[in-house]
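Peer 1: Sharing a structure below in structure tokens format, with a few things to ask.
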Amino acid sequence: MFSKIDHLGIAVPDLDAALVLYEGGFALRVHHREILEDQGVEAVALEIGETTIELLRPIRDDSPIARFLADKGAGMHHIAYAVDDIEGALARLKAEGVRLVDETPRIGLAGSRIAFLHPKSTFGVLSELVQRG
């Protein structure tokens, strides 16, 4: 069902400060930057091999990333798995008793289709499914 790890999501309070490390110190290349109004975040995707590091900064105080930062501080937010058929993957996972945050996919970074799985069903790890166009 999962073909690879698509990306790792990291919550940060300041994208520019985070980029000093990730782009400068780690020498990762930014390949996409976008504001996702409906999710209340600005995201930067950095390439690392066949996967991506996604830095996430809240743009609103009521966004999930803002709440995460307030509760836990900066750090690992989620792991995302690539899928070829997101609707099929969601149906299969739901049938197996996995609690879904998103019953239907929504639009994510760079036009991808995404859906989240509840961390209570995945041993405390917020997991995301990603279907690239």
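By convention here, the chains of the structure tokens are called A, B, ... in the order presented, each chain's residues are numbered starting at 1, and ligands are numbered starting at 1 in the order presented.
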Taking 6 positions as the minimum chain separation for residues in the same chain, which residues sit within 12 Å of Glu50 in chain A when counting only C-alpha atoms? Answer as an MDAnalysis selection string.

Peer 2: chainID A and resid 3:8 82

Peer 1: Once DSSP has gone over the backbone, tell me which residues of range 7-99 of chain A are in strand (DSSP E or B), as number ranges by chain.

Peer 2: A: 7-11, 29-36, 41-48, 51-58, 75-82

Peer 1: Let's see if you can do this: from backbone DSSP, list all helix (DSSP H, G or I) residues in range 11-127 of chain A, as an MDAnalysis selection string.

Peer 2: chainID A and resid 15:25 37:39 64:72 86:95 109:111 119:121

Peer 1: Of the candidates A:Val41, A:Ile35, A:Ala115, A:Ala95, which shows the shortest atom-to-atom distance to Ile79 in chain A, using only C-alpha atoms?

Peer 2: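 The closest residue to Ile79 in chain A is A:Ala115.
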
Peer 1: State, in Å with one decimal place, the distance from CA of Met76 in chain A to CA of Glu34 in chain A.

Peer 2: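 Those two atoms sit 19.4 Å apart.
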
Peer 1: When you count only C-alpha atoms, which of these residues is closest to Leu90 in chain A: A:Ile114, A:Leu28, A:Val20, A:Ile53?

Peer 2: A:Ile114

Peer 1: Using only C-alpha atoms for the distances, tell me which of A:Ile86, A:Ala18, A:Val12, A:Leu109 is nearest to Ala66 in chain A.

Peer 2: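 Checking each candidate against Ala66 in chain A, we get A:Val12 as the closest.
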
Peer 1: Using only C-alpha atoms, pick whichever of A:Arg67, A:Arg29, A:Phe2, A:Arg57 has the shortest atom-to-atom distance to Ser127 in chain A.

Peer 2: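 The shortest atom-to-atom distance to Ser127 in chain A comes from A:Phe2.
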
Peer 1: Can you pull out every residue within 8 Å of His78 in chain A, counting only C-alpha atoms, but drop anything in the same chain fewer than 4 positions away, and send it as an MDAnalysis selection string?

Peer 2: chainID A and resid 8:10 125:128

Peer 1: How about saving the chosen residues, C-alpha atoms kept, as a compact mmCIF listing (two decimals), in the first residue's frame?

Peer 2:
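The resulting file, again_24.txt, is reproduced below:
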# COMPACT_ATOMS: atom_id res chain seq x y z
CA LEU A 8 8.93 14.07 7.26
CA GLY A 9 7.05 17.08 8.62
CA ILE A 10 8.81 19.32 11.12
CA VAL A 125 2.73 9.06 15.39
CA LEU A 126 0.67 11.41 13.25
CA SER A 127 0.77 9.82 9.80
CA GLU A 128 -0.10 11.31 6.44

Peer 1: Just the residues within 8 Å of range 60-65 of chain A, please, counting only C-alpha atoms, with nothing from its chain fewer than 6 positions along; format it as a compact mmCIF listing (two decimals) with C-alpha atoms, in the first residue's frame.

Peer 2:
# COMPACT_ATOMS: atom_id res chain seq x y z
CA ALA A 11 7.02 22.14 12.96
CA GLN A 39 -4.30 24.46 6.80
CA GLY A 40 -2.96 27.64 8.35
CA VAL A 41 0.68 26.97 7.45

Peer 1: With only C-alpha atoms as the counted atoms, please give the residues lying no more than 12 Å from Thr122 in chain A, apart from itself and same-chain residues fewer than 6 positions off, as a list in words.

Peer 2: His78, Ile79, Leu93, Gly97, Val98, Arg99, Leu100, Val101, Phe116 and Glu128 of chain A

Peer 1: Next, the residues of the selection above should be written as a PDB file, in the first residue's frame with N, CA and C atoms.

Peer 2:
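Wrote it out as selection-v8.pdb, contents follow:
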ATOM      1  N   HIS A  78       5.052  14.953  11.816  1.00  0.00           N
ATOM      2  CA  HIS A  78       4.411  13.793  11.196  1.00  0.00           C
ATOM      3  C   HIS A  78       5.342  13.094  10.210  1.00  0.00           C
ATOM      4  N   ILE A  79       4.951  11.874   9.864  1.00  0.00           N
ATOM      5  CA  ILE A  79       5.612  11.118   8.803  1.00  0.00           C
ATOM      6  C   ILE A  79       4.576  10.905   7.707  1.00  0.00           C
ATOM      7  N   LEU A  93      -7.549   1.120   5.221  1.00  0.00           N
ATOM      8  CA  LEU A  93      -7.156   1.414   6.593  1.00  0.00           C
ATOM      9  C   LEU A  93      -8.370   1.547   7.507  1.00  0.00           C
ATOM     10  N   GLY A  97      -9.766  -0.744  10.908  1.00  0.00           N
ATOM     11  CA  GLY A  97      -9.947  -0.129  12.214  1.00  0.00           C
ATOM     12  C   GLY A  97      -9.046   1.041  12.524  1.00  0.00           C
ATOM     13  N   VAL A  98      -8.306   1.533  11.532  1.00  0.00           N
ATOM     14  CA  VAL A  98      -7.452   2.700  11.750  1.00  0.00           C
ATOM     15  C   VAL A  98      -8.336   3.946  11.782  1.00  0.00           C
ATOM     16  N   ARG A  99      -8.153   4.749  12.800  1.00  0.00           N
ATOM     17  CA  ARG A  99      -8.921   5.989  12.941  1.00  0.00           C
ATOM     18  C   ARG A  99      -8.368   7.036  11.976  1.00  0.00           C
ATOM     19  N   LEU A 100      -9.239   7.620  11.181  1.00  0.00           N
ATOM     20  CA  LEU A 100      -8.846   8.614  10.180  1.00  0.00           C
ATOM     21  C   LEU A 100      -9.121  10.022  10.682  1.00  0.00           C
ATOM     22  N   VAL A 101      -8.188  10.922  10.478  1.00  0.00           N
ATOM     23  CA  VAL A 101      -8.432  12.343  10.707  1.00  0.00           C
ATOM     24  C   VAL A 101      -9.221  12.882   9.514  1.00  0.00           C
ATOM     25  N   PHE A 116      -4.756  12.522   6.666  1.00  0.00           N
ATOM     26  CA  PHE A 116      -4.045  12.165   7.884  1.00  0.00           C
ATOM     27  C   PHE A 116      -4.729  11.020   8.618  1.00  0.00           C
ATOM     28  N   GLU A 128       0.557  10.683   7.586  1.00  0.00           N
ATOM     29  CA  GLU A 128      -0.096  11.312   6.439  1.00  0.00           C
ATOM     30  C   GLU A 128       0.058  10.414   5.221  1.00  0.00           C
TER      31      GLU A 128
END

Peer 1: Go ahead and compute the interatomic distance for CA of Leu19 in chain A and CA of Thr51 in chain A, in Å to one decimal.

Peer 2: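 The value is 17.3 Å.
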